[in-house]
file model.tsv (TSV, C-alpha atoms)
chain	number	residue	atom	x	y	z
A	1	MET	CA	3.02	13.97	19.57
A	2	SER	CA	2.31	11.19	22.06
A	3	PRO	CA	3.18	7.65	20.97
A	4	VAL	CA	0.34	5.44	19.75
A	5	SER	CA	2.15	2.12	19.34
A	6	ALA	CA	4.52	0.12	21.52
A	7	LEU	CA	6.00	-3.34	21.02
A	8	TYR	CA	7.05	-5.85	23.65
A	9	VAL	CA	10.14	-7.96	23.00
A	10	PRO	CA	11.26	-10.73	25.41
A	11	GLY	CA	14.47	-9.94	27.24
A	12	ASP	CA	15.77	-13.46	26.64
A	13	ARG	CA	15.54	-13.00	22.86
A	14	PRO	CA	18.30	-10.49	22.05
A	15	ASP	CA	18.13	-11.63	18.43
A	16	ARG	CA	14.79	-9.80	18.27
A	17	PHE	CA	15.92	-6.50	19.80
A	18	GLY	CA	17.12	-5.03	16.52
A	19	LYS	CA	14.01	-6.20	14.68
A	20	ALA	CA	11.80	-4.57	17.30
A	21	ALA	CA	13.75	-1.32	17.01
A	22	ALA	CA	13.26	-1.40	13.24
A	23	SER	CA	9.56	-2.31	13.43
A	24	GLY	CA	8.31	1.25	13.34
A	25	ALA	CA	6.79	1.08	16.82
A	26	ASP	CA	6.87	4.38	18.66
A	27	VAL	CA	8.17	2.62	21.79
A	28	VAL	CA	10.06	-0.67	22.21
A	29	ILE	CA	9.52	-2.43	25.55
A	30	LEU	CA	12.26	-4.83	26.63
A	31	ASP	CA	10.44	-7.32	28.82
A	32	LEU	CA	11.89	-8.97	31.91
A	33	GLU	CA	8.54	-10.06	33.34
A	34	ASP	CA	5.73	-12.14	31.80
A	35	ALA	CA	7.47	-12.96	28.52
A	36	VAL	CA	10.47	-14.51	30.28
A	37	ALA	CA	10.51	-17.86	32.08
A	38	ALA	CA	11.75	-17.87	35.69
A	39	ASP	CA	14.95	-19.73	34.86
A	40	ALA	CA	15.81	-17.25	32.08
A	41	LYS	CA	15.37	-13.98	33.97
A	42	ALA	CA	19.04	-13.53	34.90
A	43	GLU	CA	20.05	-14.06	31.29
A	44	ALA	CA	17.34	-11.68	30.13
A	45	LEU	CA	18.57	-8.95	32.47
A	46	ALA	CA	22.12	-9.39	31.19
A	47	ASN	CA	20.87	-9.13	27.60
A	48	VAL	CA	18.84	-6.01	28.29
A	49	THR	CA	21.57	-4.15	30.18
A	50	ALA	CA	24.08	-5.01	27.45
A	51	TYR	CA	21.71	-3.58	24.85
A	52	LEU	CA	21.09	-0.44	26.90
A	53	ALA	CA	24.82	0.15	27.25
A	54	ASP	CA	24.82	1.13	23.57
A	55	PRO	CA	21.19	1.68	22.51
A	56	PRO	CA	20.24	2.62	18.95
A	57	PRO	CA	19.66	6.35	18.47
A	58	GLY	CA	16.19	7.72	18.00
A	59	ILE	CA	14.34	4.80	19.59
A	60	ALA	CA	12.15	5.29	22.67
A	61	LEU	CA	12.83	2.39	25.05
A	62	GLN	CA	11.19	1.05	28.16
A	63	VAL	CA	11.96	-1.94	30.35
A	64	ARG	CA	9.25	-3.91	32.12
A	65	VAL	CA	10.79	-5.13	35.36
A	66	ASN	CA	9.48	-7.77	37.71
A	67	ALA	CA	7.53	-6.81	40.82
A	68	GLY	CA	9.88	-6.39	43.76
A	69	ALA	CA	13.02	-6.87	41.66
A	70	ALA	CA	15.11	-3.99	43.01
A	71	HIS	CA	18.25	-5.42	41.41
A	72	GLU	CA	16.67	-5.11	37.96
A	73	ILE	CA	15.89	-1.44	38.48
A	74	GLU	CA	19.41	-0.79	39.75
A	75	ALA	CA	20.93	-2.63	36.80
A	76	VAL	CA	18.85	-0.71	34.26
A	77	ARG	CA	19.64	2.61	35.94
A	78	GLY	CA	23.32	1.67	36.01
A	79	THR	CA	23.47	1.57	32.21
A	80	GLY	CA	22.88	5.34	32.08
A	81	ALA	CA	20.39	4.88	29.26
A	82	ALA	CA	17.45	7.24	28.89
A	83	VAL	CA	14.85	4.55	29.37
A	84	GLY	CA	11.47	4.31	31.04
A	85	LEU	CA	10.52	1.66	33.58
A	86	ARG	CA	7.26	-0.27	33.45
A	87	VAL	CA	6.34	-1.30	36.96
A	88	PRO	CA	3.86	-4.20	37.19
A	89	LYS	CA	1.11	-4.91	39.70
A	90	VAL	CA	1.01	-1.49	41.33
A	91	GLU	CA	-1.66	-1.33	44.05
A	92	ASP	CA	-0.54	1.47	46.36
A	93	PRO	CA	1.24	4.74	45.53
A	94	ARG	CA	3.42	4.33	48.62
A	95	GLU	CA	5.20	1.36	47.05
A	96	LEU	CA	6.31	3.68	44.27
A	97	ASP	CA	8.36	5.81	46.67
A	98	ALA	CA	11.09	3.17	47.04
A	99	ILE	CA	10.93	2.32	43.34
A	100	ALA	CA	11.36	5.98	42.42
A	101	ARG	CA	14.43	6.25	44.66
A	102	LEU	CA	15.96	3.21	42.99
A	103	ALA	CA	15.06	4.53	39.54
A	104	GLY	CA	16.93	7.78	40.14
A	105	GLY	CA	14.68	9.92	37.97
A	106	LEU	CA	13.83	7.38	35.28
A	107	PRO	CA	10.16	7.86	34.35
A	108	LEU	CA	7.74	5.21	35.57
A	109	THR	CA	4.77	3.60	33.87
A	110	ALA	CA	2.54	2.14	36.57
A	111	LEU	CA	0.68	-0.98	35.48
A	112	ILE	CA	-2.70	-1.50	37.12
A	113	GLU	CA	-3.52	-5.21	37.14
A	114	SER	CA	-5.90	-5.86	40.02
A	115	ALA	CA	-9.07	-4.57	41.67
A	116	ARG	CA	-6.96	-3.03	44.45
A	117	GLY	CA	-4.81	-1.28	41.87
A	118	LEU	CA	-7.86	0.05	40.06
A	119	GLU	CA	-9.27	1.42	43.31
A	120	ALA	CA	-5.97	3.25	43.89
A	121	ALA	CA	-5.54	4.39	40.28
A	122	ALA	CA	-6.10	8.09	40.93
A	123	ALA	CA	-3.48	8.20	43.69
A	124	VAL	CA	-1.06	6.10	41.65
A	125	ALA	CA	-1.42	8.38	38.62
A	126	ALA	CA	-0.78	11.42	40.82
A	127	HIS	CA	2.56	10.08	42.12
A	128	PRO	CA	5.32	12.49	41.02
A	129	ALA	CA	7.49	9.74	39.49
A	130	VAL	CA	4.67	8.35	37.32
A	131	ARG	CA	4.62	9.54	33.73
A	132	GLU	CA	1.86	7.24	32.50
A	133	VAL	CA	-0.48	4.52	33.70
A	134	ALA	CA	-1.68	1.42	31.88
A	135	LEU	CA	-3.91	-1.58	32.45
A	136	GLY	CA	-2.68	-5.13	32.53
A	137	GLU	CA	-5.97	-6.39	31.17
A	138	ALA	CA	-5.29	-10.13	31.34
A	139	ASP	CA	-4.25	-10.01	34.99
A	140	LEU	CA	-7.10	-7.69	35.84
A	141	ALA	CA	-9.66	-9.98	34.19
A	142	SER	CA	-8.26	-12.90	36.17
A	143	ASP	CA	-8.48	-10.96	39.42
A	144	LEU	CA	-12.03	-9.81	38.70
A	145	GLY	CA	-13.16	-13.17	37.36
A	146	SER	CA	-14.68	-11.59	34.27
A	147	THR	CA	-13.78	-10.91	30.66
A	148	ASP	CA	-17.11	-9.23	29.90
A	149	PRO	CA	-16.58	-6.19	27.65
A	150	LEU	CA	-18.64	-4.04	30.02
A	151	VAL	CA	-16.26	-4.80	32.86
A	152	LEU	CA	-13.25	-4.04	30.69
A	153	ASP	CA	-14.77	-0.79	29.44
A	154	HIS	CA	-15.41	0.25	33.03
A	155	ALA	CA	-11.77	-0.38	33.97
A	156	ARG	CA	-10.49	1.45	30.90
A	157	VAL	CA	-12.63	4.49	31.58
A	158	ARG	CA	-11.68	4.59	35.26
A	159	LEU	CA	-8.00	4.55	34.35
A	160	LEU	CA	-8.54	7.20	31.69
A	161	ILE	CA	-10.17	9.50	34.23
A	162	ALA	CA	-7.40	8.85	36.76
A	163	ALA	CA	-4.73	9.67	34.19
A	164	ARG	CA	-6.33	12.85	32.93
A	165	ALA	CA	-7.14	14.05	36.46
A	166	ALA	CA	-3.42	13.73	37.24
A	167	GLY	CA	-2.47	15.67	34.12
A	168	LEU	CA	-1.12	12.60	32.31
A	169	ASP	CA	-1.76	11.50	28.75
A	170	ALA	CA	-4.60	9.07	28.23
A	171	PRO	CA	-3.46	5.46	28.74
A	172	MET	CA	-2.56	3.13	25.92
A	173	LEU	CA	-4.61	-0.03	25.47
A	174	SER	CA	-3.20	-3.27	26.78
A	175	VAL	CA	-1.98	-6.14	24.62
A	176	TYR	CA	-4.48	-7.94	22.37
A	177	PRO	CA	-3.21	-11.51	22.77
A	178	ALA	CA	-4.78	-13.16	19.70
A	179	ILE	CA	-1.93	-12.35	17.31
A	180	ARG	CA	-3.57	-13.71	14.15
A	181	ASP	CA	-6.98	-12.13	14.80
A	182	LEU	CA	-6.34	-8.78	13.17
A	183	ASP	CA	-10.06	-8.12	12.68
A	184	GLY	CA	-10.64	-8.62	16.39
A	185	LEU	CA	-7.66	-6.40	17.13
A	186	ARG	CA	-9.07	-3.66	14.94
A	187	ALA	CA	-12.54	-3.85	16.48
A	188	ASP	CA	-11.25	-3.78	20.04
A	189	THR	CA	-8.77	-1.00	19.27
A	190	GLU	CA	-11.51	1.07	17.66
A	191	ARG	CA	-13.57	0.57	20.79
A	192	GLY	CA	-10.66	1.76	22.94
A	193	ARG	CA	-10.14	4.81	20.75
A	194	ALA	CA	-13.83	5.67	21.04
A	195	LEU	CA	-13.50	5.50	24.83
A	196	GLY	CA	-10.67	8.04	24.70
A	197	LEU	CA	-7.54	5.91	24.95
A	198	ARG	CA	-4.57	7.01	22.85
A	199	GLY	CA	-2.74	3.95	21.52
A	200	ARG	CA	-1.99	0.28	22.04
A	201	VAL	CA	0.79	-2.07	23.06
A	202	ALA	CA	1.53	-4.97	20.71
A	203	VAL	CA	3.20	-8.34	21.15
A	204	HIS	CA	3.92	-8.90	17.44
A	205	PRO	CA	5.00	-6.52	14.66
A	206	ALA	CA	2.05	-7.68	12.53
A	207	GLN	CA	-0.27	-5.87	14.94
A	208	LEU	CA	1.40	-2.49	14.54
A	209	PRO	CA	-0.13	-1.39	11.20
A	210	VAL	CA	-3.63	-2.05	12.52
A	211	ILE	CA	-2.99	-0.09	15.71
A	212	GLU	CA	-1.43	2.83	13.87
A	213	ALA	CA	-4.24	2.94	11.29
A	214	VAL	CA	-6.92	3.06	13.98
A	215	PHE	CA	-5.26	5.90	15.85
A	216	ALA	CA	-4.27	7.94	12.79
A	217	PRO	CA	-6.58	11.00	12.57
A	218	SER	CA	-8.78	10.96	9.49
A	219	GLU	CA	-8.61	13.86	7.06
A	220	GLU	CA	-12.07	14.88	8.26
A	221	GLU	CA	-10.80	15.05	11.84
A	222	ARG	CA	-7.76	17.05	10.78
A	223	ALA	CA	-9.91	19.47	8.81
A	224	TRP	CA	-12.19	19.95	11.83
A	225	ALA	CA	-9.21	20.51	14.11
A	226	ARG	CA	-7.66	23.08	11.78
A	227	ALA	CA	-10.98	24.91	11.58
A	228	VAL	CA	-11.35	24.95	15.37
A	229	VAL	CA	-7.83	26.24	15.94
A	230	ASP	CA	-8.25	28.90	13.26
A	231	ALA	CA	-11.60	30.06	14.63
A	232	LEU	CA	-10.57	30.12	18.29
A	233	GLU	CA	-7.00	31.37	17.97
A	234	HIS	CA	-7.17	33.63	14.94
A	235	GLY	CA	-10.84	34.25	14.24
A	236	PRO	CA	-13.90	35.59	16.05
A	237	GLY	CA	-13.40	33.19	18.99
A	238	ARG	CA	-9.94	34.45	19.90
A	239	GLY	CA	-9.61	35.73	23.42
A	240	GLY	CA	-11.92	33.13	24.90
A	241	GLY	CA	-15.08	33.65	22.88
A	242	VAL	CA	-17.40	31.29	21.04
A	243	ALA	CA	-17.11	30.82	17.28
A	244	THR	CA	-19.12	29.14	14.56
A	245	LEU	CA	-17.47	26.91	11.97
A	246	PRO	CA	-18.42	27.13	8.28
A	247	ASP	CA	-20.69	24.07	8.66
A	248	GLY	CA	-22.61	25.76	11.47
A	249	GLU	CA	-21.03	23.93	14.43
A	250	MET	CA	-20.56	26.14	17.46
A	251	VAL	CA	-17.15	25.72	19.14
A	252	ASP	CA	-15.58	27.16	22.26
A	253	PRO	CA	-12.15	27.08	23.97
A	254	ALA	CA	-12.96	23.77	25.68
A	255	MET	CA	-12.54	22.11	22.27
A	256	LEU	CA	-9.03	23.42	21.67
A	257	GLY	CA	-7.35	20.60	23.60
A	258	ARG	CA	-8.88	17.92	21.42
A	259	ALA	CA	-8.10	19.88	18.26
A	260	ARG	CA	-4.46	20.34	19.21
A	261	ARG	CA	-4.07	16.63	20.05
A	262	ILE	CA	-5.44	15.70	16.61
A	263	LEU	CA	-2.97	18.01	14.90
A	264	GLY	CA	-0.10	16.70	17.02
call {"tool": "encode", "arguments": {"input": "model.tsv", "output": "C-alpha coordinates"}}
result
Amino acid sequence: MSPVSALYVPGDRPDRFGKAAASGADVVILDLEDAVAADAKAEALANVTAYLADPPPGIALQVRVNAGAAHEIEAVRGTGAAVGLRVPKVEDPRELDAIARLAGGLPLTALIESARGLEAAAAVAAHPAVREVALGEADLASDLGSTDPLVLDHARVRLLIAARAAGLDAPMLSVYPAIRDLDGLRADTERGRALGLRGRVAVHPAQLPVIEAVFAPSEEERAWARAVVDALEHGPGRGGGVATLPDGEMVDPAMLGRARRILG
(Lines of atoms letter the chains of each structure in order from A and count residues from 1; the text may use other names and numbers.)
(Lines give C-alpha, C1' and ligand atoms only; values in the text may rest on other atoms or scores of the structure.)
Protein backbone atom coordinates (compact mmCIF):
# COMPACT_ATOMS: atom_id res chain seq x y z
CA MET A 1 0.00 0.00 0.00
CA SER A 2 1.32 3.44 -0.89
CA PRO A 3 2.38 5.67 2.01
CA VAL A 4 -0.05 8.38 3.11
CA SER A 5 2.08 10.23 5.67
CA ALA A 6 5.63 11.57 5.69
CA LEU A 7 7.46 13.65 8.28
CA TYR A 8 10.26 16.14 7.74
CA VAL A 9 13.03 16.33 10.33
CA PRO A 10 15.84 18.94 10.11
CA GLY A 11 19.23 17.45 9.34
CA ASP A 12 20.88 19.63 11.97
CA ARG A 13 18.70 18.12 14.72
CA PRO A 14 19.97 14.55 15.07
CA ASP A 15 18.31 14.41 18.49
CA ARG A 16 15.00 14.29 16.60
CA PHE A 17 15.89 11.53 14.14
CA GLY A 18 14.89 8.71 16.47
CA LYS A 19 11.68 10.47 17.47
CA ALA A 20 10.74 10.92 13.83
CA ALA A 21 11.41 7.24 13.13
CA ALA A 22 9.16 6.31 16.05
CA SER A 23 6.40 8.77 15.09
CA GLY A 24 4.43 6.30 13.00
CA ALA A 25 4.94 8.25 9.77
CA ASP A 26 5.11 6.04 6.70
CA VAL A 27 8.18 7.94 5.49
CA VAL A 28 10.78 10.01 7.38
CA ILE A 29 12.42 12.80 5.38
CA LEU A 30 15.82 13.95 6.60
CA ASP A 31 16.01 17.54 5.43
CA LEU A 32 19.15 19.29 4.24
CA GLU A 33 17.35 22.13 2.49
CA ASP A 34 14.76 24.61 3.79
CA ALA A 35 14.78 23.48 7.42
CA VAL A 36 18.54 24.02 7.77
CA ALA A 37 20.29 27.39 7.97
CA ALA A 38 23.11 28.02 5.49
CA ASP A 39 25.82 27.90 8.14
CA ALA A 40 24.54 24.54 9.45
CA LYS A 41 24.31 22.61 6.19
CA ALA A 42 27.71 20.91 6.46
CA GLU A 43 26.90 19.75 9.97
CA ALA A 44 23.47 18.57 8.82
CA LEU A 45 24.99 16.50 6.02
CA ALA A 46 27.42 14.89 8.47
CA ASN A 47 24.53 14.07 10.81
CA VAL A 48 22.41 12.57 8.04
CA THR A 49 25.17 10.42 6.54
CA ALA A 50 26.11 9.15 10.00
CA TYR A 51 22.49 8.16 10.60
CA LEU A 52 22.22 6.47 7.20
CA ALA A 53 25.36 4.44 7.89
CA ASP A 54 23.28 2.43 10.38
CA PRO A 55 19.60 3.23 9.74
CA PRO A 56 16.82 1.71 11.83
CA PRO A 57 15.17 -1.32 10.21
CA GLY A 58 11.72 -1.08 8.75
CA ILE A 59 11.69 2.69 8.27
CA ALA A 60 11.27 4.24 4.81
CA LEU A 61 13.73 7.13 4.54
CA GLN A 62 14.24 9.99 2.13
CA VAL A 63 16.71 12.86 2.09
CA ARG A 64 15.82 16.27 0.71
CA VAL A 65 19.01 17.66 -0.79
CA ASN A 66 19.74 21.22 -1.84
CA ALA A 67 19.43 22.27 -5.46
CA GLY A 68 22.74 21.83 -7.25
CA ALA A 69 24.42 20.18 -4.26
CA ALA A 70 26.13 17.28 -6.05
CA HIS A 71 28.30 16.57 -3.01
CA GLU A 72 25.19 15.89 -0.91
CA ILE A 73 23.90 13.33 -3.39
CA GLU A 74 27.30 11.65 -3.54
CA ALA A 75 27.55 11.57 0.25
CA VAL A 76 24.08 10.05 0.66
CA ARG A 77 24.76 7.47 -2.05
CA GLY A 78 28.08 6.65 -0.41
CA THR A 79 26.34 5.44 2.75
CA GLY A 80 24.87 2.51 0.82
CA ALA A 81 21.50 3.08 2.48
CA ALA A 82 18.28 2.28 0.63
CA VAL A 83 17.03 5.83 0.68
CA GLY A 84 15.11 8.07 -1.68
CA LEU A 85 16.23 11.53 -2.76
CA ARG A 86 13.93 14.53 -2.81
CA VAL A 87 15.16 16.94 -5.45
CA PRO A 88 13.93 20.53 -5.04
CA LYS A 89 13.06 23.15 -7.65
CA VAL A 90 12.95 20.86 -10.67
CA GLU A 91 12.04 22.77 -13.83
CA ASP A 92 13.43 20.68 -16.68
CA PRO A 93 13.69 16.89 -17.01
CA ARG A 94 17.14 17.27 -18.56
CA GLU A 95 18.57 18.47 -15.25
CA LEU A 96 17.54 15.13 -13.77
CA ASP A 97 19.92 13.23 -16.05
CA ALA A 98 23.02 14.35 -14.14
CA ILE A 99 21.26 13.94 -10.80
CA ALA A 100 20.25 10.39 -11.70
CA ARG A 101 23.86 9.53 -12.60
CA LEU A 102 25.05 10.86 -9.25
CA ALA A 103 22.26 9.04 -7.43
CA GLY A 104 23.31 5.69 -8.86
CA GLY A 105 19.84 4.19 -8.92
CA LEU A 106 18.42 5.82 -5.80
CA PRO A 107 14.78 6.74 -6.52
CA LEU A 108 14.03 10.42 -7.03
CA THR A 109 11.12 12.52 -5.87
CA ALA A 110 10.96 15.60 -8.09
CA LEU A 111 9.64 18.69 -6.31
CA ILE A 112 7.76 21.14 -8.52
CA GLU A 113 8.01 24.61 -7.00
CA SER A 114 7.62 27.14 -9.81
CA ALA A 115 5.48 27.99 -12.83
CA ARG A 116 8.24 26.67 -15.12
CA GLY A 117 8.32 23.42 -13.16
CA LEU A 118 4.56 23.06 -13.37
CA GLU A 119 4.66 23.59 -17.14
CA ALA A 120 7.24 20.79 -17.39
CA ALA A 121 5.53 18.48 -14.89
CA ALA A 122 4.47 15.83 -17.41
CA ALA A 123 8.00 15.48 -18.80
CA VAL A 124 9.52 15.51 -15.32
CA ALA A 125 7.15 12.78 -14.12
CA ALA A 126 8.02 10.66 -17.15
CA HIS A 127 11.77 10.74 -16.42
CA PRO A 128 12.93 7.14 -15.78
CA ALA A 129 14.65 8.00 -12.48
CA VAL A 130 11.58 9.70 -11.00
CA ARG A 131 9.45 7.57 -8.71
CA GLU A 132 7.12 10.32 -7.52
CA VAL A 133 6.43 14.02 -7.95
CA ALA A 134 5.30 16.55 -5.37
CA LEU A 135 4.46 20.23 -5.12
CA GLY A 136 6.40 22.69 -3.04
CA GLU A 137 3.30 24.76 -2.44
CA ALA A 138 4.87 27.65 -0.53
CA ASP A 139 7.52 28.26 -3.17
CA LEU A 140 4.99 27.85 -5.95
CA ALA A 141 2.61 30.36 -4.36
CA SER A 142 5.48 32.83 -4.07
CA ASP A 143 6.43 32.35 -7.70
CA LEU A 144 2.83 32.72 -8.88
CA GLY A 145 2.06 35.61 -6.54
CA SER A 146 -1.13 33.95 -5.33
CA THR A 147 -2.34 31.82 -2.45
CA ASP A 148 -5.90 31.64 -3.78
CA PRO A 149 -7.34 28.13 -3.28
CA LEU A 150 -8.40 28.00 -6.93
CA VAL A 151 -4.81 28.51 -8.04
CA LEU A 152 -3.58 25.84 -5.65
CA ASP A 153 -6.27 23.39 -6.73
CA HIS A 154 -5.27 23.96 -10.36
CA ALA A 155 -1.62 23.18 -9.58
CA ARG A 156 -2.53 20.10 -7.56
CA VAL A 157 -4.72 18.71 -10.32
CA ARG A 158 -2.12 19.39 -13.01
CA LEU A 159 0.49 17.51 -11.02
CA LEU A 160 -1.93 14.67 -10.35
CA ILE A 161 -2.59 14.29 -14.07
CA ALA A 162 1.13 14.42 -14.86
CA ALA A 163 1.87 11.73 -12.29
CA ARG A 164 -0.87 9.36 -13.36
CA ALA A 165 -0.08 9.86 -17.06
CA ALA A 166 3.48 8.74 -16.28
CA GLY A 167 2.24 5.69 -14.39
CA LEU A 168 3.22 7.09 -10.99
CA ASP A 169 1.19 7.14 -7.80
CA ALA A 170 -0.84 10.26 -7.16
CA PRO A 171 1.26 12.94 -5.42
CA MET A 172 1.18 13.58 -1.71
CA LEU A 173 0.03 16.99 -0.49
CA SER A 174 2.66 19.50 0.50
CA VAL A 175 3.29 20.68 4.06
CA TYR A 176 0.54 22.55 5.91
CA PRO A 177 2.68 25.11 7.75
CA ALA A 178 0.25 26.20 10.50
CA ILE A 179 1.24 23.49 12.99
CA ARG A 180 -1.36 24.33 15.65
CA ASP A 181 -4.26 24.73 13.20
CA LEU A 182 -5.37 21.12 13.10
CA ASP A 183 -8.87 22.04 11.92
CA GLY A 184 -7.38 23.91 8.98
CA LEU A 185 -5.08 20.98 8.30
CA ARG A 186 -8.02 18.60 8.26
CA ALA A 187 -10.10 20.78 5.94
CA ASP A 188 -7.27 21.30 3.47
CA THR A 189 -6.28 17.63 3.57
CA GLU A 190 -9.86 16.58 2.94
CA ARG A 191 -9.90 18.93 -0.03
CA GLY A 192 -6.70 17.34 -1.36
CA ARG A 193 -8.11 13.85 -0.92
CA ALA A 194 -11.25 14.85 -2.81
CA LEU A 195 -9.05 16.07 -5.67
CA GLY A 196 -7.38 12.66 -5.85
CA LEU A 197 -4.13 13.14 -3.96
CA ARG A 198 -2.98 10.23 -1.80
CA GLY A 199 -1.36 11.56 1.38
CA ARG A 200 0.43 14.47 3.00
CA VAL A 201 3.83 15.54 4.26
CA ALA A 202 3.99 16.89 7.82
CA VAL A 203 6.43 19.11 9.67
CA HIS A 204 5.32 18.06 13.17
CA PRO A 205 4.25 14.70 14.61
CA ALA A 206 1.02 16.28 15.90
CA GLN A 207 -0.15 16.57 12.30
CA LEU A 208 0.20 12.87 11.53
CA PRO A 209 -3.00 11.55 13.17
CA VAL A 210 -5.10 14.07 11.25
CA ILE A 211 -3.46 13.18 7.94
CA GLU A 212 -3.80 9.45 8.53
CA ALA A 213 -7.44 9.76 9.60
CA VAL A 214 -8.37 11.71 6.48
CA PHE A 215 -6.76 9.20 4.15
CA ALA A 216 -7.96 6.08 5.95
CA PRO A 217 -10.73 4.46 3.86
CA SER A 218 -14.09 4.46 5.61
CA GLU A 219 -15.88 1.18 6.22
CA GLU A 220 -18.41 2.23 3.58
CA GLU A 221 -15.61 2.68 1.04
CA ARG A 222 -14.10 -0.67 1.95
CA ALA A 223 -17.47 -2.39 1.63
CA TRP A 224 -17.98 -0.81 -1.81
CA ALA A 225 -14.50 -1.85 -2.91
CA ARG A 226 -15.01 -5.44 -1.76
CA ALA A 227 -18.32 -5.58 -3.61
CA VAL A 228 -16.75 -4.22 -6.81
CA VAL A 229 -13.87 -6.67 -6.71
CA ASP A 230 -16.20 -9.57 -5.99
CA ALA A 231 -18.59 -8.63 -8.79
CA LEU A 232 -15.93 -7.95 -11.42
CA GLU A 233 -13.43 -10.67 -10.57
CA HIS A 234 -15.63 -13.48 -9.29
CA GLY A 235 -19.19 -12.60 -10.26
CA PRO A 236 -21.16 -11.78 -13.41
CA GLY A 237 -18.69 -9.05 -14.43
CA ARG A 238 -15.67 -11.34 -14.61
CA GLY A 239 -13.97 -11.42 -17.96
CA GLY A 240 -14.51 -7.74 -18.66
CA GLY A 241 -18.27 -7.44 -18.35
CA VAL A 242 -20.53 -5.03 -16.50
CA ALA A 243 -22.05 -5.98 -13.15
CA THR A 244 -24.66 -4.57 -10.81
CA LEU A 245 -24.02 -4.26 -7.08
CA PRO A 246 -26.70 -5.22 -4.54
CA ASP A 247 -27.64 -1.54 -4.12
CA GLY A 248 -28.27 -1.20 -7.85
CA GLU A 249 -25.03 0.60 -8.81
CA MET A 250 -23.67 -0.48 -12.18
CA VAL A 251 -19.90 -1.09 -12.17
CA ASP A 252 -17.40 -1.98 -14.86
CA PRO A 253 -13.67 -2.88 -15.04
CA ALA A 254 -12.68 0.81 -15.08
CA MET A 255 -13.62 0.91 -11.38
CA LEU A 256 -11.32 -1.93 -10.36
CA GLY A 257 -8.27 0.31 -9.97
CA ARG A 258 -9.96 2.54 -7.43
CA ALA A 259 -11.37 -0.48 -5.57
CA ARG A 260 -7.98 -2.15 -5.34
CA ARG A 261 -6.32 1.05 -4.07
CA ILE A 262 -8.94 1.32 -1.31
CA LEU A 263 -8.30 -2.26 -0.22
CA GLY A 264 -4.54 -1.74 -0.33
call {"tool": "residues_around", "arguments": {"input": "model.tsv", "residues": "Ser23 (chain A)", "least_positions_apart": "3", "cutoff": "8 Å", "atoms": "only C-alpha atoms", "output": "number ranges by chain"}}
result
A: 19-20, 205
call {"tool": "atom_distance", "arguments": {"input": "model.tsv", "atom1": "CA of Leu61 (chain A)", "atom2": "CA of Arg193 (chain A)"}}
result
23.5 Å
call {"tool": "atom_distance", "arguments": {"input": "model.tsv", "atom1": "CA of Leu45 (chain A)", "atom2": "CA of Gly11 (chain A)"}}
result
6.7 Å
call {"tool": "closest_residue", "arguments": {"input": "model.tsv", "among": "A:Ala227, A:Val251, A:Ala122, A:Ile211", "to": "Asp26 (chain A)", "atoms": "all atoms listed in the file"}}
result
A:Ile211
call {"tool": "residues_around", "arguments": {"input": "model.tsv", "residues": "Glu249 (chain A)", "least_positions_apart": "6", "cutoff": "12 Å", "atoms": "all atoms listed in the file", "output": "MDAnalysis selection string"}}
result
chainID A and resid 224 227:228 231 242:243 255
call {"tool": "residues_around", "arguments": {"input": "model.tsv", "residues": "region 148-154 of chain A", "least_positions_apart": "2", "cutoff": "9 Å", "atoms": "only C-alpha atoms", "output": "PyMOL selection string"}}
result
chain A and resi 137+140-141+144+146+156-159+191-192+195
call {"tool": "residues_around", "arguments": {"input": "model.tsv", "residues": "Pro128 (chain A)", "least_positions_apart": "2", "cutoff": "12 Å", "atoms": "only C-alpha atoms", "output": "ChimeraX atom specification"}}
result
/A:93-94,96-97,99-101,105-110,123-126,130-132,166-168
call {"tool": "residues_around", "arguments": {"input": "model.tsv", "residues": "Ser114 (chain A)", "least_positions_apart": "3", "cutoff": "8 Å", "atoms": "only C-alpha atoms", "output": "MDAnalysis selection string"}}
result
chainID A and resid 89 91 117:118 139:140 143:144
call {"tool": "atom_distance", "arguments": {"input": "model.tsv", "atom1": "CA of Ala121 (chain A)", "atom2": "CA of Ala165 (chain A)"}}
result
10.5 Å
call {"tool": "closest_residue", "arguments": {"input": "model.tsv", "among": "A:Ala225, A:Ala70, A:Leu232, A:Ala187", "to": "Ala213 (chain A)", "atoms": "all atoms listed in the file"}}
result
A:Ala187
call {"tool": "closest_residue", "arguments": {"input": "model.tsv", "among": "A:Ala170, A:Leu185, A:Leu263, A:Asp247", "to": "Arg222 (chain A)", "atoms": "only C-alpha atoms"}}
result
A:Leu263
call {"tool": "axis_aligned_box", "arguments": {"input": "model.tsv", "around": "region 157-169 of chain A", "padding_each_side": "8 Å", "output": "lines of an AutoDock Vina configuration file"}}
result
center_x = -6.9
center_y = 10.1
center_z = 33.0
size_x = 27.5
size_y = 27.2
size_z = 24.5
call {"tool": "closest_residue", "arguments": {"input": "model.tsv", "among": "A:Leu182, A:Val48, A:Ala206, A:Val76", "to": "Leu102 (chain A)", "atoms": "only C-alpha atoms"}}
result
A:Val76
call {"tool": "closest_residue", "arguments": {"input": "model.tsv", "among": "A:Ala50, A:Val27, A:Ala98, A:Val63", "to": "Pro10 (chain A)", "atoms": "all atoms listed in the file"}}
result
A:Val63
call {"tool": "closest_residue", "arguments": {"input": "model.tsv", "among": "A:Pro88, A:Pro246, A:Gly145, A:Gly58", "to": "Gly24 (chain A)", "atoms": "only C-alpha atoms"}}
result
A:Gly58
